[in-house]
$ cat model39.cif   # mmCIF, C-alpha atoms and all ligand atoms
data_entry
#
loop_
_atom_site.label_atom_id
_atom_site.label_comp_id
_atom_site.auth_asym_id
_atom_site.auth_seq_id
_atom_site.Cartn_x
_atom_site.Cartn_y
_atom_site.Cartn_z
CA MET A 21 -60.84 37.80 -7.22
CA LYS A 22 -60.87 35.08 -9.81
CA LYS A 23 -62.95 32.01 -9.03
CA GLY A 24 -62.71 28.68 -10.72
CA LYS A 25 -61.00 25.33 -11.01
CA ILE A 26 -57.95 23.98 -12.75
CA LEU A 27 -58.71 21.54 -15.52
CA ILE A 28 -56.22 19.18 -17.08
CA ASP A 29 -56.09 18.41 -20.74
CA PHE A 30 -53.91 15.51 -20.02
CA GLU A 31 -53.20 14.46 -23.54
CA ARG A 32 -51.18 17.65 -23.93
CA CYS A 33 -48.81 17.18 -21.01
CA PHE A 34 -45.35 16.10 -22.09
CA ALA A 35 -43.74 16.10 -18.64
CA CYS A 36 -41.50 19.15 -18.99
CA LYS A 37 -42.05 19.88 -15.27
CA THR A 38 -42.30 23.63 -15.77
CA CYS A 39 -45.41 23.73 -13.63
CA GLU A 40 -43.60 21.96 -10.76
CA ILE A 41 -40.83 24.55 -10.70
CA GLU A 42 -43.17 27.50 -11.06
CA CYS A 43 -45.41 26.14 -8.33
CA ALA A 44 -42.62 25.70 -5.82
CA PHE A 45 -41.04 29.04 -6.67
CA SER A 46 -44.24 31.03 -6.44
CA HIS A 47 -44.92 29.61 -2.97
CA SER A 48 -41.39 29.97 -1.63
CA GLN A 49 -39.98 32.76 0.50
CA GLU A 50 -37.04 33.15 -1.83
CA LYS A 51 -37.54 35.93 -4.36
CA ASP A 52 -34.47 35.28 -6.45
CA PHE A 53 -35.06 32.49 -8.96
CA PHE A 54 -31.45 31.38 -9.30
CA GLN A 55 -30.97 31.20 -5.57
CA PHE A 56 -34.17 29.21 -5.35
CA ILE A 57 -33.09 26.66 -7.92
CA GLU A 58 -29.84 26.01 -6.07
CA ASN A 59 -31.43 25.66 -2.69
CA PRO A 60 -35.20 25.20 -2.87
CA ASP A 61 -37.00 25.90 0.39
CA ARG A 62 -40.28 24.56 -0.84
CA MET A 63 -41.55 21.54 -2.69
CA PRO A 64 -44.07 21.77 -5.53
CA SER A 65 -47.67 20.93 -4.77
CA VAL A 66 -48.27 19.78 -8.31
CA ARG A 67 -46.37 16.69 -9.32
CA ILE A 68 -45.91 15.15 -12.73
CA LYS A 69 -46.84 11.49 -12.70
CA LYS A 70 -45.98 9.13 -15.47
CA ILE A 71 -47.43 5.67 -15.66
CA GLY A 72 -46.74 3.86 -18.86
CA GLN A 73 -47.96 6.16 -21.59
CA TYR A 74 -49.98 8.31 -19.25
CA ILE A 75 -48.60 11.59 -18.02
CA THR A 76 -50.54 13.89 -15.76
CA PRO A 77 -49.82 16.80 -13.49
CA LEU A 78 -51.39 15.67 -10.23
CA ARG A 79 -52.58 18.30 -7.79
CA CYS A 80 -55.28 18.82 -5.19
CA LEU A 81 -58.76 18.44 -6.61
CA HIS A 82 -60.39 20.64 -3.97
CA CYS A 83 -63.09 18.05 -3.40
CA ASP A 84 -66.65 19.01 -2.56
CA PHE A 85 -66.59 16.67 0.42
CA PRO A 86 -62.95 16.70 1.47
CA SER A 87 -61.96 13.90 3.81
CA CYS A 88 -58.74 15.69 4.79
CA VAL A 89 -60.68 18.64 6.21
CA VAL A 90 -62.91 16.28 8.16
CA ILE A 91 -60.05 14.35 9.71
CA CYS A 92 -57.62 17.24 10.47
CA PRO A 93 -57.44 17.31 14.29
CA THR A 94 -56.30 20.93 14.54
CA LYS A 95 -58.55 22.39 11.84
CA ALA A 96 -55.45 23.57 10.02
CA LEU A 97 -57.04 22.40 6.79
CA LYS A 98 -60.25 24.09 5.88
CA LYS A 99 -62.54 24.90 3.00
CA ASP A 100 -62.79 28.62 2.52
CA GLU A 101 -65.74 30.59 1.18
CA ASN A 102 -64.51 30.15 -2.40
CA LYS A 103 -64.50 26.36 -2.05
CA ILE A 104 -60.72 26.26 -1.98
CA ILE A 105 -59.09 23.93 0.51
CA ILE A 106 -56.38 25.84 2.27
CA ILE A 107 -53.89 24.98 4.96
CA GLU A 108 -52.92 27.22 7.83
CA ASN A 109 -49.35 26.11 8.09
CA GLU A 110 -48.79 27.37 11.63
CA LYS A 111 -51.53 25.10 12.97
CA CYS A 112 -50.26 21.93 11.33
CA VAL A 113 -48.79 19.40 13.76
CA GLY A 114 -47.60 17.01 11.09
CA CYS A 115 -49.64 14.01 12.22
CA GLY A 116 -50.20 12.87 8.64
CA MET A 117 -53.84 11.85 8.92
CA CYS A 118 -54.70 13.80 5.76
CA VAL A 119 -52.04 11.87 3.88
CA VAL A 120 -53.71 8.60 4.80
CA VAL A 121 -57.29 9.62 4.02
CA CYS A 122 -56.73 11.54 0.77
CA PRO A 123 -57.96 9.27 -2.03
CA TYR A 124 -55.53 10.79 -4.55
CA GLY A 125 -52.31 10.90 -2.53
CA VAL A 126 -51.98 14.67 -2.79
CA PRO A 127 -50.81 16.03 0.60
CA HIS A 128 -47.13 15.76 1.42
CA ILE A 129 -45.37 16.26 4.69
CA ASN A 130 -41.66 16.84 4.73
CA ARG A 131 -40.62 15.76 8.19
CA ASP A 132 -37.06 17.06 7.97
CA LYS A 133 -37.88 20.53 6.73
CA LYS A 134 -41.14 20.59 8.68
CA ILE A 135 -43.27 21.82 5.85
CA TYR A 136 -46.58 20.72 4.58
CA THR A 137 -47.32 21.07 0.89
CA LYS A 138 -50.68 21.03 -0.76
CA CYS A 139 -52.10 23.01 -3.67
CA ASP A 140 -53.95 26.13 -2.52
CA LEU A 141 -54.99 27.07 -6.07
CA CYS A 142 -52.54 29.97 -5.75
CA ILE A 143 -55.10 31.82 -3.71
CA GLU A 144 -52.87 34.88 -3.31
CA ARG A 145 -52.53 35.21 -7.06
CA LEU A 146 -56.25 34.66 -7.62
CA LYS A 147 -56.95 37.53 -5.24
CA ASP A 148 -54.83 39.77 -7.46
CA GLY A 149 -56.76 38.56 -10.49
CA GLN A 150 -53.86 36.48 -11.79
CA LEU A 151 -53.92 32.90 -12.98
CA PRO A 152 -52.42 30.09 -10.87
CA ALA A 153 -48.69 29.66 -11.46
CA CYS A 154 -48.94 26.21 -13.03
CA VAL A 155 -51.64 27.27 -15.48
CA LEU A 156 -49.79 30.40 -16.51
CA SER A 157 -46.49 28.63 -17.04
CA CYS A 158 -47.57 25.50 -18.92
CA PRO A 159 -46.03 25.85 -22.38
CA ASN A 160 -48.40 23.41 -24.04
CA LYS A 161 -51.58 24.57 -22.28
CA ALA A 162 -52.21 21.23 -20.66
CA LEU A 163 -53.48 23.04 -17.59
CA LYS A 164 -56.41 25.36 -18.00
CA PHE A 165 -58.28 27.58 -15.63
CA PHE A 166 -62.01 27.23 -15.85
CA GLU A 167 -63.55 30.37 -14.48
CA PHE A 168 -66.93 30.27 -12.79
CA GLU A 169 -69.15 33.02 -14.09
CA GLU A 170 -71.53 34.77 -11.76
CA LYS A 171 -74.39 33.09 -13.55
CA ASN A 172 -72.83 29.69 -13.11
CA GLU A 173 -72.39 30.36 -9.44
CA LYS A 174 -76.09 30.92 -9.02
CA VAL A 175 -76.98 27.85 -10.97
CA ARG A 176 -74.61 25.83 -8.85
CA SER A 177 -76.09 26.98 -5.61
CA ARG A 178 -79.65 26.52 -6.66
CA MET B 26 -67.40 40.65 23.25
CA GLU B 27 -65.91 43.29 25.52
CA ASN B 28 -62.92 45.26 24.41
CA VAL B 29 -60.00 46.80 26.27
CA GLU B 30 -57.54 49.39 25.22
CA ILE B 31 -53.86 48.60 25.60
CA ILE B 32 -50.58 50.23 24.70
CA ILE B 33 -48.14 47.85 23.09
CA ASP B 34 -44.66 49.16 22.29
CA GLY B 35 -46.06 52.66 22.34
CA VAL B 36 -48.95 51.89 20.01
CA ARG B 37 -52.50 52.25 21.24
CA LYS B 38 -54.76 49.37 20.31
CA VAL B 39 -58.21 48.13 21.16
CA VAL B 40 -58.31 44.38 21.58
CA PRO B 41 -60.95 41.88 22.64
CA LYS B 42 -60.82 40.90 26.30
CA ARG B 43 -58.92 37.74 27.29
CA ILE B 44 -56.86 37.56 24.10
CA THR B 45 -53.24 36.69 24.90
CA ILE B 46 -50.46 39.23 24.54
CA LEU B 47 -48.65 36.97 22.09
CA LYS B 48 -51.62 36.85 19.73
CA VAL B 49 -51.90 40.65 19.72
CA ALA B 50 -48.18 40.95 19.04
CA GLN B 51 -48.35 38.46 16.20
CA GLU B 52 -51.20 40.39 14.62
CA LEU B 53 -49.08 43.53 14.80
CA LYS B 54 -46.10 41.62 13.39
CA ILE B 55 -44.08 42.22 16.54
CA GLU B 56 -41.59 39.41 16.95
CA ILE B 57 -41.57 37.54 20.22
CA PRO B 58 -39.45 34.37 20.39
CA THR B 59 -41.26 31.23 21.51
CA LEU B 60 -40.20 27.66 22.08
CA CYS B 61 -43.06 25.90 23.78
CA TYR B 62 -45.94 27.64 22.03
CA HIS B 63 -47.95 26.20 19.16
CA PRO B 64 -51.15 27.82 17.84
CA ALA B 65 -53.07 24.55 17.91
CA ILE B 66 -52.11 23.63 21.47
CA GLU B 67 -53.12 25.21 24.77
CA PRO B 68 -50.28 27.51 25.94
CA TYR B 69 -48.11 25.71 28.44
CA GLY B 70 -45.78 28.47 29.60
CA ALA B 71 -42.74 26.28 30.15
CA CYS B 72 -39.87 27.94 28.36
CA ARG B 73 -40.43 31.56 29.55
CA LEU B 74 -38.74 32.83 26.43
CA CYS B 75 -41.77 34.83 25.39
CA THR B 76 -41.41 37.04 28.47
CA VAL B 77 -42.53 40.66 28.12
CA GLU B 78 -42.79 43.52 30.57
CA ILE B 79 -46.19 44.90 31.45
CA GLU B 80 -47.28 47.88 33.50
CA LYS B 81 -50.50 47.44 35.40
CA ASN B 82 -51.81 49.88 38.03
CA ASN B 83 -48.44 51.63 37.95
CA ARG B 84 -46.58 48.45 38.80
CA LYS B 85 -44.19 46.82 36.42
CA MET B 86 -43.83 43.09 36.11
CA PHE B 87 -42.71 40.35 33.78
CA VAL B 88 -45.17 37.87 32.35
CA THR B 89 -45.08 35.14 29.72
CA SER B 90 -46.95 36.56 26.75
CA CYS B 91 -48.13 33.23 25.34
CA ASN B 92 -50.46 32.51 28.23
CA TYR B 93 -51.23 35.96 29.65
CA PRO B 94 -54.82 36.96 28.87
CA ILE B 95 -55.35 40.71 28.69
CA GLU B 96 -58.01 41.60 31.26
CA ASN B 97 -57.68 45.35 31.72
CA GLU B 98 -55.83 48.35 30.42
CA ILE B 99 -52.13 47.59 30.46
CA LYS B 100 -48.97 48.91 28.93
CA ILE B 101 -46.79 46.29 27.25
CA GLU B 102 -43.12 46.48 26.31
CA THR B 103 -42.09 43.52 24.18
CA ASN B 104 -38.51 44.35 23.44
CA ASN B 105 -36.96 46.71 25.96
CA GLU B 106 -33.61 46.27 27.67
CA ASN B 107 -34.97 44.38 30.67
CA VAL B 108 -36.86 41.93 28.53
CA ILE B 109 -33.87 41.24 26.35
CA LYS B 110 -31.70 40.69 29.43
CA ILE B 111 -34.14 38.10 30.73
CA ARG B 112 -34.41 36.35 27.39
CA LYS B 113 -30.64 36.20 27.16
CA LEU B 114 -30.42 34.64 30.60
CA ILE B 115 -33.03 32.04 29.70
CA LEU B 116 -31.15 31.22 26.52
CA GLU B 117 -27.91 30.86 28.45
CA LEU B 118 -29.58 28.40 30.78
CA LEU B 119 -31.09 26.49 27.87
CA ILE B 120 -27.69 26.23 26.24
CA ALA B 121 -26.24 25.05 29.52
CA LYS B 122 -28.78 22.23 29.36
CA VAL B 123 -28.92 21.17 25.71
CA GLY B 124 -26.27 23.15 23.86
CA TYR B 125 -26.77 24.63 20.41
CA LYS B 126 -29.60 22.62 18.90
CA GLY B 127 -32.46 23.40 16.52
CA LYS B 128 -34.58 26.36 17.45
CA VAL B 129 -32.52 27.12 20.56
CA LYS B 130 -29.52 27.67 18.34
CA GLU B 131 -31.51 29.82 15.93
CA ILE B 132 -32.82 32.14 18.63
CA ALA B 133 -29.53 32.26 20.55
CA GLU B 134 -27.77 33.43 17.41
CA LYS B 135 -30.33 36.17 16.95
CA TYR B 136 -29.78 37.37 20.50
CA ASN B 137 -25.98 37.11 20.42
CA VAL B 138 -25.80 34.98 23.51
CA GLU B 139 -22.44 34.28 25.10
CA PRO B 140 -23.03 31.31 27.40
CA ARG B 141 -21.54 31.82 30.84
CA PHE B 142 -22.68 28.49 32.23
CA GLY B 143 -21.16 26.18 29.68
CA VAL B 144 -22.63 24.20 26.81
CA GLY B 145 -24.60 21.14 27.80
CA ASP B 146 -25.52 18.03 25.92
CA ASP B 147 -28.93 16.98 27.18
CA ASP B 148 -31.59 16.11 24.64
CA CYS B 149 -34.72 17.79 26.02
CA ILE B 150 -35.69 21.31 27.05
CA LEU B 151 -38.93 20.10 28.67
CA CYS B 152 -41.03 22.38 26.49
CA GLY B 153 -43.83 19.84 26.64
CA LEU B 154 -44.92 20.16 23.02
CA CYS B 155 -44.64 16.43 22.36
CA VAL B 156 -46.54 15.45 25.50
CA ASN B 157 -49.25 18.03 24.91
CA VAL B 158 -49.80 17.34 21.24
CA CYS B 159 -50.17 13.65 22.03
CA LYS B 160 -52.65 14.37 24.79
CA GLU B 161 -54.68 17.27 23.41
CA ILE B 162 -54.64 16.89 19.66
CA ILE B 163 -54.14 13.21 18.98
CA GLY B 164 -55.76 12.08 22.23
CA VAL B 165 -53.54 9.08 22.70
CA ASN B 166 -51.43 9.94 25.77
CA ALA B 167 -48.59 7.68 24.76
CA ILE B 168 -45.92 9.71 26.53
CA SER B 169 -45.71 11.90 29.59
CA PHE B 170 -43.28 13.66 31.88
CA SER B 171 -41.60 11.50 34.46
CA SER B 172 -39.67 12.24 37.66
CA ARG B 173 -39.15 15.65 39.22
CA GLY B 174 -36.48 18.29 39.47
CA ILE B 175 -33.35 17.76 37.46
CA ASN B 176 -34.41 14.24 36.53
CA ARG B 177 -37.59 15.41 34.82
CA ASP B 178 -37.80 13.93 31.36
CA VAL B 179 -40.17 12.88 28.62
CA SER B 180 -40.73 9.16 28.58
CA PRO B 181 -43.10 6.34 27.74
CA PRO B 182 -44.94 4.63 30.63
CA PHE B 183 -42.45 3.30 33.21
CA GLY B 184 -39.61 4.25 30.89
CA LYS B 185 -40.13 1.08 28.89
CA GLU B 186 -41.91 1.14 25.57
CA ALA B 187 -44.61 3.48 24.27
CA VAL B 188 -47.26 0.80 23.89
CA ASP B 189 -50.10 3.22 23.17
CA CYS B 190 -48.18 5.13 20.51
CA ILE B 191 -49.88 5.04 17.10
CA GLY B 192 -46.81 6.35 15.31
CA CYS B 193 -48.28 9.48 13.77
CA GLY B 194 -45.09 11.43 14.29
CA ALA B 195 -46.63 14.68 15.50
CA CYS B 196 -44.20 14.80 18.45
CA ALA B 197 -41.24 14.49 16.11
CA PHE B 198 -42.69 17.19 13.88
CA LEU B 199 -43.03 19.64 16.75
CA CYS B 200 -39.92 18.99 18.85
CA PRO B 201 -38.03 22.29 18.58
CA ILE B 202 -34.61 20.75 19.02
CA GLY B 203 -35.08 17.67 16.89
CA THR B 204 -34.67 15.07 19.62
CA ILE B 205 -37.51 12.84 18.57
CA LYS B 206 -36.74 11.14 15.29
CA ILE B 207 -38.66 8.75 13.09
CA GLU B 208 -36.84 5.93 11.43
CA ASP B 209 -38.60 3.59 9.04
CA LEU B 210 -36.69 0.36 8.65
CA ASN B 211 -38.53 -1.99 6.34
CA GLU B 212 -41.54 -3.28 8.24
CA LYS B 213 -40.82 -1.35 11.45
CA ARG B 214 -41.13 2.29 12.45
CA ILE B 215 -38.93 3.28 15.33
CA ILE B 216 -39.40 6.56 17.13
CA THR B 217 -36.39 7.54 19.17
CA LYS B 218 -36.58 9.17 22.60
CA ILE B 219 -40.08 7.90 23.28
CA ASN B 220 -39.05 4.36 22.45
CA ALA B 221 -41.85 3.31 20.15
CA ASN B 222 -41.64 0.34 17.89
CA LEU B 223 -44.47 -0.03 15.41
CA GLU B 224 -45.37 -2.44 12.70
CA LEU B 225 -45.91 -0.83 9.30
CA GLU B 226 -48.63 -1.71 6.83
CA LYS B 227 -47.76 -2.91 3.35
CA CYS B 228 -49.19 -1.03 0.37
CA LYS B 229 -51.72 -3.28 -1.31
CA ILE B 230 -50.44 -2.38 -4.75
CA CYS B 231 -46.69 -1.83 -4.71
CA GLY B 232 -45.88 -3.65 -1.49
CA LYS B 233 -43.96 -0.78 0.05
CA TYR B 234 -44.22 -0.40 3.83
CA PHE B 235 -45.65 3.04 4.38
CA VAL B 236 -47.77 3.73 7.46
CA PRO B 237 -48.12 2.15 10.93
CA LYS B 238 -50.92 -0.39 11.31
CA LYS B 239 -52.02 1.22 14.55
CA PHE B 240 -52.35 4.59 12.85
CA ILE B 241 -54.78 3.17 10.30
CA GLU B 242 -56.70 1.52 13.14
CA TYR B 243 -56.87 4.90 14.90
CA ILE B 244 -58.19 6.71 11.82
CA LYS B 245 -60.77 3.98 11.26
CA ASN B 246 -62.07 4.45 14.79
CA LYS B 247 -62.05 8.19 14.42
CA ILE B 248 -64.40 8.16 11.44
CA GLY B 249 -66.67 5.53 12.91
CA ASN B 250 -65.21 2.17 12.02
CA VAL B 251 -65.35 2.49 8.26
CA GLU B 252 -63.03 0.28 6.33
CA LEU B 253 -61.78 2.08 3.25
CA ASP B 254 -59.45 0.84 0.57
CA VAL B 255 -57.54 4.10 0.34
CA PHE B 256 -56.09 3.58 3.80
CA LEU B 257 -54.15 0.58 2.63
CA ILE B 258 -52.62 2.15 -0.46
CA CYS B 259 -49.52 4.37 -0.36
CA ASP B 260 -49.78 7.89 -1.74
CA GLU B 261 -47.74 7.18 -4.85
CA CYS B 262 -50.09 4.38 -5.84
CA LYS B 263 -53.16 6.43 -4.97
CA GLY B 264 -52.05 9.07 -7.47
CA GLU B 265 -51.42 6.43 -10.10
CA ASN B 266 -54.80 4.85 -9.57
CA TYR B 267 -56.48 8.17 -10.09
CA ILE B 268 -54.62 8.81 -13.31
CA LYS B 269 -55.55 5.40 -14.65
CA ARG B 270 -59.17 6.15 -13.92
CA LEU B 271 -58.87 9.48 -15.71
CA ALA B 272 -57.30 7.80 -18.70
CA SER B 273 -60.23 5.46 -19.05
CA PHE B 274 -62.45 8.47 -19.70
CA SER B 275 -60.24 9.86 -22.43
CA LEU B 276 -61.01 9.16 -26.07
CA THR B 277 -57.50 8.21 -27.14
CA GLY B 278 -56.82 6.28 -23.95
CA GLY B 279 -54.41 8.99 -22.82
CA LYS B 280 -51.83 8.47 -25.54
CA ASN B 281 -49.50 11.35 -26.10
CA GLU B 282 -49.47 11.58 -29.84
S1 LIG C 1 -38.53 15.89 23.73
FE1 LIG C 1 -38.55 17.75 22.44
S2 LIG C 1 -40.74 18.30 22.30
FE2 LIG C 1 -40.58 16.85 24.02
S3 LIG C 1 -40.38 18.18 25.84
FE3 LIG C 1 -38.28 17.62 25.14
S4 LIG C 1 -37.66 19.31 23.82
FE4 LIG C 1 -39.91 19.46 24.04
S1 LIG C 2 -43.58 30.32 24.55
FE1 LIG C 2 -44.43 31.29 26.28
S2 LIG C 2 -43.44 30.26 27.86
FE2 LIG C 2 -42.69 29.14 26.14
#

$ encode --input "model39.cif" --output "structure tokens"
Amino acid sequence: MKKGKILIDFERCFACKTCEIECAFSHSQEKDFFQFIENPDRMPSVRIKKIGQYITPLRCLHCDFPSCVVICPTKALKKDENKIIIIENEKCVGCGMCVVVCPYGVPHINRDKKIYTKCDLCIERLKDGQLPACVLSCPNKALKFFEFEEKNEKVRSR
Amino acid sequence: MENVEIIIDGVRKVVPKRITILKVAQELKIEIPTLCYHPAIEPYGACRLCTVEIEKNNRKMFVTSCNYPIENEIKIETNNENVIKIRKLILELLIAKVGYKGKVKEIAEKYNVEPRFGVGDDDCILCGLCVNVCKEIIGVNAISFSSRGINRDVSPPFGKEAVDCIGCGACAFLCPIGTIKIEDLNEKRIITKINANLELEKCKICGKYFVPKKFIEYIKNKIGNVELDVFLICDECKGENYIKRLASFSLTGGKNE
């Protein structure tokens, strides 16, 4: 299992939106890419934001003290042992409290399709030793994966 | 914790005592249709669609799997002829009440139901998800069941207006047939069926109406009366704020050259 965080070199992002597509596709049920593009069943959990000259892929920061986890009334959101904030989709009741308390405006609830989207750091891929989809796909390397080394881990917990 | 041994669809399995049949089935990836069950809410056992057949002390009977705790050694059949017959009948009755809507339609198609009792046009299957989520999870109790018998329905107090509703929308999210709908019209949020009418808060930055005032009040109380700026800013603007802050740390000021 890979452990780490996604870092953004945000002067390199030129808003091609590859990461958005890869993110949504890698989390969707659909296996066929062309089918997926025509009828996406999932929204991306990383979104390109452009404000004036600034462009940044915005995704969950996996905070150390996450307010969304604290407020979630069904404990659908939780911090796992690798410090990744994950959502158990079945438990979500769509109340939207996390949307209000998140300081960065990350969680999204689609009321029509009844899905909740938030970055899970591609936990399934990390377990297989792969990089997160957005990091792997970024053509200009604006997204990087910073891996914690065992040594670092110890230092952090000390 | 004590364990018991059960046989489910011919497979022997040791399970912890008092776990429900539905949970065991879901672990084994056995499909049981449900309408009124939600993992975060206490099982209510209203729709009966999750019926399975069990054999206990050599006697066969039907139980609802979502709220049946396994106490002793039993044999469970989740998908035999009898069970399917019962599920079909329940679906026929549901269709007679509400017609082909949402999850009822989905499941009925899977079971190839041919409705003998007509196709109705009611708007509620009385699954109770909306009432229970409001009571158990949100803790607001804005809506409840009213009347008895065929007049039973979900409604706000005295059938008037849901005055306690905070407008979170969990009921709309869970309703399996899509009866409860949220409509945001400028400064008002209207929730159909439960008749709620809420004032929305304006985003401090862009001025868009985005979340009910009462909902913010509720969250404030929940975390101990803390007033935070982020509650009054819509998610788009929150993202933008964050990026601006990031940019101020960057050497080139975030220019893309
Ligand atoms: S309004 Fe919808 S959620 Fe509420 S009891 Fe009726 S069918 Fe169930
Ligand atoms: S899901 Fe068990 S009775 Fe409705």

$ residues_near_ligand --input "model39.cif" --ligand "ligand LIG 2 (chain C)" --cutoff "10 Å" --atoms "only C-alpha atoms and all ligand atoms" --output "compact mmCIF listing (two decimals) with C-alpha atoms, in the frame of the given file"
# COMPACT_ATOMS: atom_id res chain seq x y z
CA LEU B 47 -48.65 36.97 22.09
CA ILE B 57 -41.57 37.54 20.22
CA PRO B 58 -39.45 34.37 20.39
CA THR B 59 -41.26 31.23 21.51
CA LEU B 60 -40.20 27.66 22.08
CA CYS B 61 -43.06 25.90 23.78
CA TYR B 62 -45.94 27.64 22.03
CA HIS B 63 -47.95 26.20 19.16
CA PRO B 68 -50.28 27.51 25.94
CA TYR B 69 -48.11 25.71 28.44
CA GLY B 70 -45.78 28.47 29.60
CA ALA B 71 -42.74 26.28 30.15
CA CYS B 72 -39.87 27.94 28.36
CA ARG B 73 -40.43 31.56 29.55
CA LEU B 74 -38.74 32.83 26.43
CA CYS B 75 -41.77 34.83 25.39
CA THR B 76 -41.41 37.04 28.47
CA VAL B 77 -42.53 40.66 28.12
CA VAL B 88 -45.17 37.87 32.35
CA THR B 89 -45.08 35.14 29.72
CA SER B 90 -46.95 36.56 26.75
CA CYS B 91 -48.13 33.23 25.34
CA ASN B 92 -50.46 32.51 28.23
CA TYR B 93 -51.23 35.96 29.65
CA CYS B 152 -41.03 22.38 26.49
CA GLY B 153 -43.83 19.84 26.64
CA LEU B 154 -44.92 20.16 23.02

$ interface_residues --input "model39.cif" --of "chain A" --to "chain B" --cutoff "10 Å" --atoms "all atoms listed in the file" --output "JSON list (two decimals) with C-alpha atoms, keeping the file's coordinate frame"
[["chain", "number", "residue", "atom", "x", "y", "z"],
["A", 29, "ASP", "CA", -56.09, 18.41, -20.74],
["A", 30, "PHE", "CA", -53.91, 15.51, -20.02],
["A", 31, "GLU", "CA", -53.20, 14.46, -23.54],
["A", 32, "ARG", "CA", -51.18, 17.65, -23.93],
["A", 33, "CYS", "CA", -48.81, 17.18, -21.01],
["A", 34, "PHE", "CA", -45.35, 16.10, -22.09],
["A", 67, "ARG", "CA", -46.37, 16.69, -9.32],
["A", 69, "LYS", "CA", -46.84, 11.49, -12.70],
["A", 70, "LYS", "CA", -45.98, 9.13, -15.47],
["A", 71, "ILE", "CA", -47.43, 5.67, -15.66],
["A", 72, "GLY", "CA", -46.74, 3.86, -18.86],
["A", 73, "GLN", "CA", -47.96, 6.16, -21.59],
["A", 74, "TYR", "CA", -49.98, 8.31, -19.25],
["A", 75, "ILE", "CA", -48.60, 11.59, -18.02],
["A", 76, "THR", "CA", -50.54, 13.89, -15.76],
["A", 77, "PRO", "CA", -49.82, 16.80, -13.49],
["A", 78, "LEU", "CA", -51.39, 15.67, -10.23],
["A", 79, "ARG", "CA", -52.58, 18.30, -7.79],
["A", 87, "SER", "CA", -61.96, 13.90, 3.81],
["A", 90, "VAL", "CA", -62.91, 16.28, 8.16],
["A", 91, "ILE", "CA", -60.05, 14.35, 9.71],
["A", 92, "CYS", "CA", -57.62, 17.24, 10.47],
["A", 93, "PRO", "CA", -57.44, 17.31, 14.29],
["A", 94, "THR", "CA", -56.30, 20.93, 14.54],
["A", 95, "LYS", "CA", -58.55, 22.39, 11.84],
["A", 96, "ALA", "CA", -55.45, 23.57, 10.02],
["A", 110, "GLU", "CA", -48.79, 27.37, 11.63],
["A", 111, "LYS", "CA", -51.53, 25.10, 12.97],
["A", 112, "CYS", "CA", -50.26, 21.93, 11.33],
["A", 113, "VAL", "CA", -48.79, 19.40, 13.76],
["A", 114, "GLY", "CA", -47.60, 17.01, 11.09],
["A", 115, "CYS", "CA", -49.64, 14.01, 12.22],
["A", 116, "GLY", "CA", -50.20, 12.87, 8.64],
["A", 117, "MET", "CA", -53.84, 11.85, 8.92],
["A", 118, "CYS", "CA", -54.70, 13.80, 5.76],
["A", 119, "VAL", "CA", -52.04, 11.87, 3.88],
["A", 120, "VAL", "CA", -53.71, 8.60, 4.80],
["A", 121, "VAL", "CA", -57.29, 9.62, 4.02],
["A", 122, "CYS", "CA", -56.73, 11.54, 0.77],
["A", 123, "PRO", "CA", -57.96, 9.27, -2.03],
["A", 124, "TYR", "CA", -55.53, 10.79, -4.55],
["A", 125, "GLY", "CA", -52.31, 10.90, -2.53],
["A", 126, "VAL", "CA", -51.98, 14.67, -2.79],
["A", 127, "PRO", "CA", -50.81, 16.03, 0.60],
["A", 128, "HIS", "CA", -47.13, 15.76, 1.42],
["A", 129, "ILE", "CA", -45.37, 16.26, 4.69],
["A", 130, "ASN", "CA", -41.66, 16.84, 4.73],
["A", 131, "ARG", "CA", -40.62, 15.76, 8.19],
["A", 132, "ASP", "CA", -37.06, 17.06, 7.97],
["A", 133, "LYS", "CA", -37.88, 20.53, 6.73],
["A", 134, "LYS", "CA", -41.14, 20.59, 8.68],
["A", 135, "ILE", "CA", -43.27, 21.82, 5.85]]

$ atom_distance --input "model39.cif" --atom1 "CA of Pro140 (chain B)" --atom2 "CA of Val123 (chain B)"
11.8 Å

$ atom_distance --input "model39.cif" --atom1 "CA of Val138 (chain B)" --atom2 "CA of Thr204 (chain B)"
22.1 Å

$ axis_aligned_box --input "model39.cif" --around "ligand LIG 1 (chain C)" --padding-each-side "4 Å" --output "lines of an AutoDock Vina configuration file"
center_x = -39.2
center_y = 17.7
center_z = 24.1
size_x = 11.1
size_y = 11.6
size_z = 11.5

$ atom_distance --input "model39.cif" --atom1 "CA of Lys239 (chain B)" --atom2 "CA of Arg270 (chain B)"
29.8 Å

$ residues_around --input "model39.cif" --residues "Cys149 (chain B)" --least-positions-apart "4" --cutoff "9 Å" --atoms "only C-alpha atoms" --output "ChimeraX atom specification"
/B:122-123,178-179,200,202,204

$ residues_near_point --input "model39.cif" --point "(-41.8, 48.1, 27.3)" --cutoff "6 Å" --atoms "only C-alpha atoms" --output "list in words"
Asp34, Glu78, Ile101, Glu102, Thr103 and Asn105 of chain B

$ closest_residue --input "model39.cif" --among "B:Cys155, B:Leu114, B:Ile215, B:Ile109" --to "ligand LIG 1 (chain C)" --atoms "all atoms listed in the file"
B:Cys155

$ residues_around --input "model39.cif" --residues "Asp146 (chain B)" --least-positions-apart "2" --cutoff "10 Å" --atoms "all atoms listed in the file" --output "list in words"
Ile120, Ala121, Lys122, Val123, Gly124, Tyr125, Lys126, Gly143, Val144, Asp148 and Cys149 of chain B

$ closest_residue --input "model39.cif" --among "B:Ile33, B:Ile44, B:Ala133, B:Ile191" --to "Glu96 (chain B)" --atoms "only C-alpha atoms"
B:Ile44
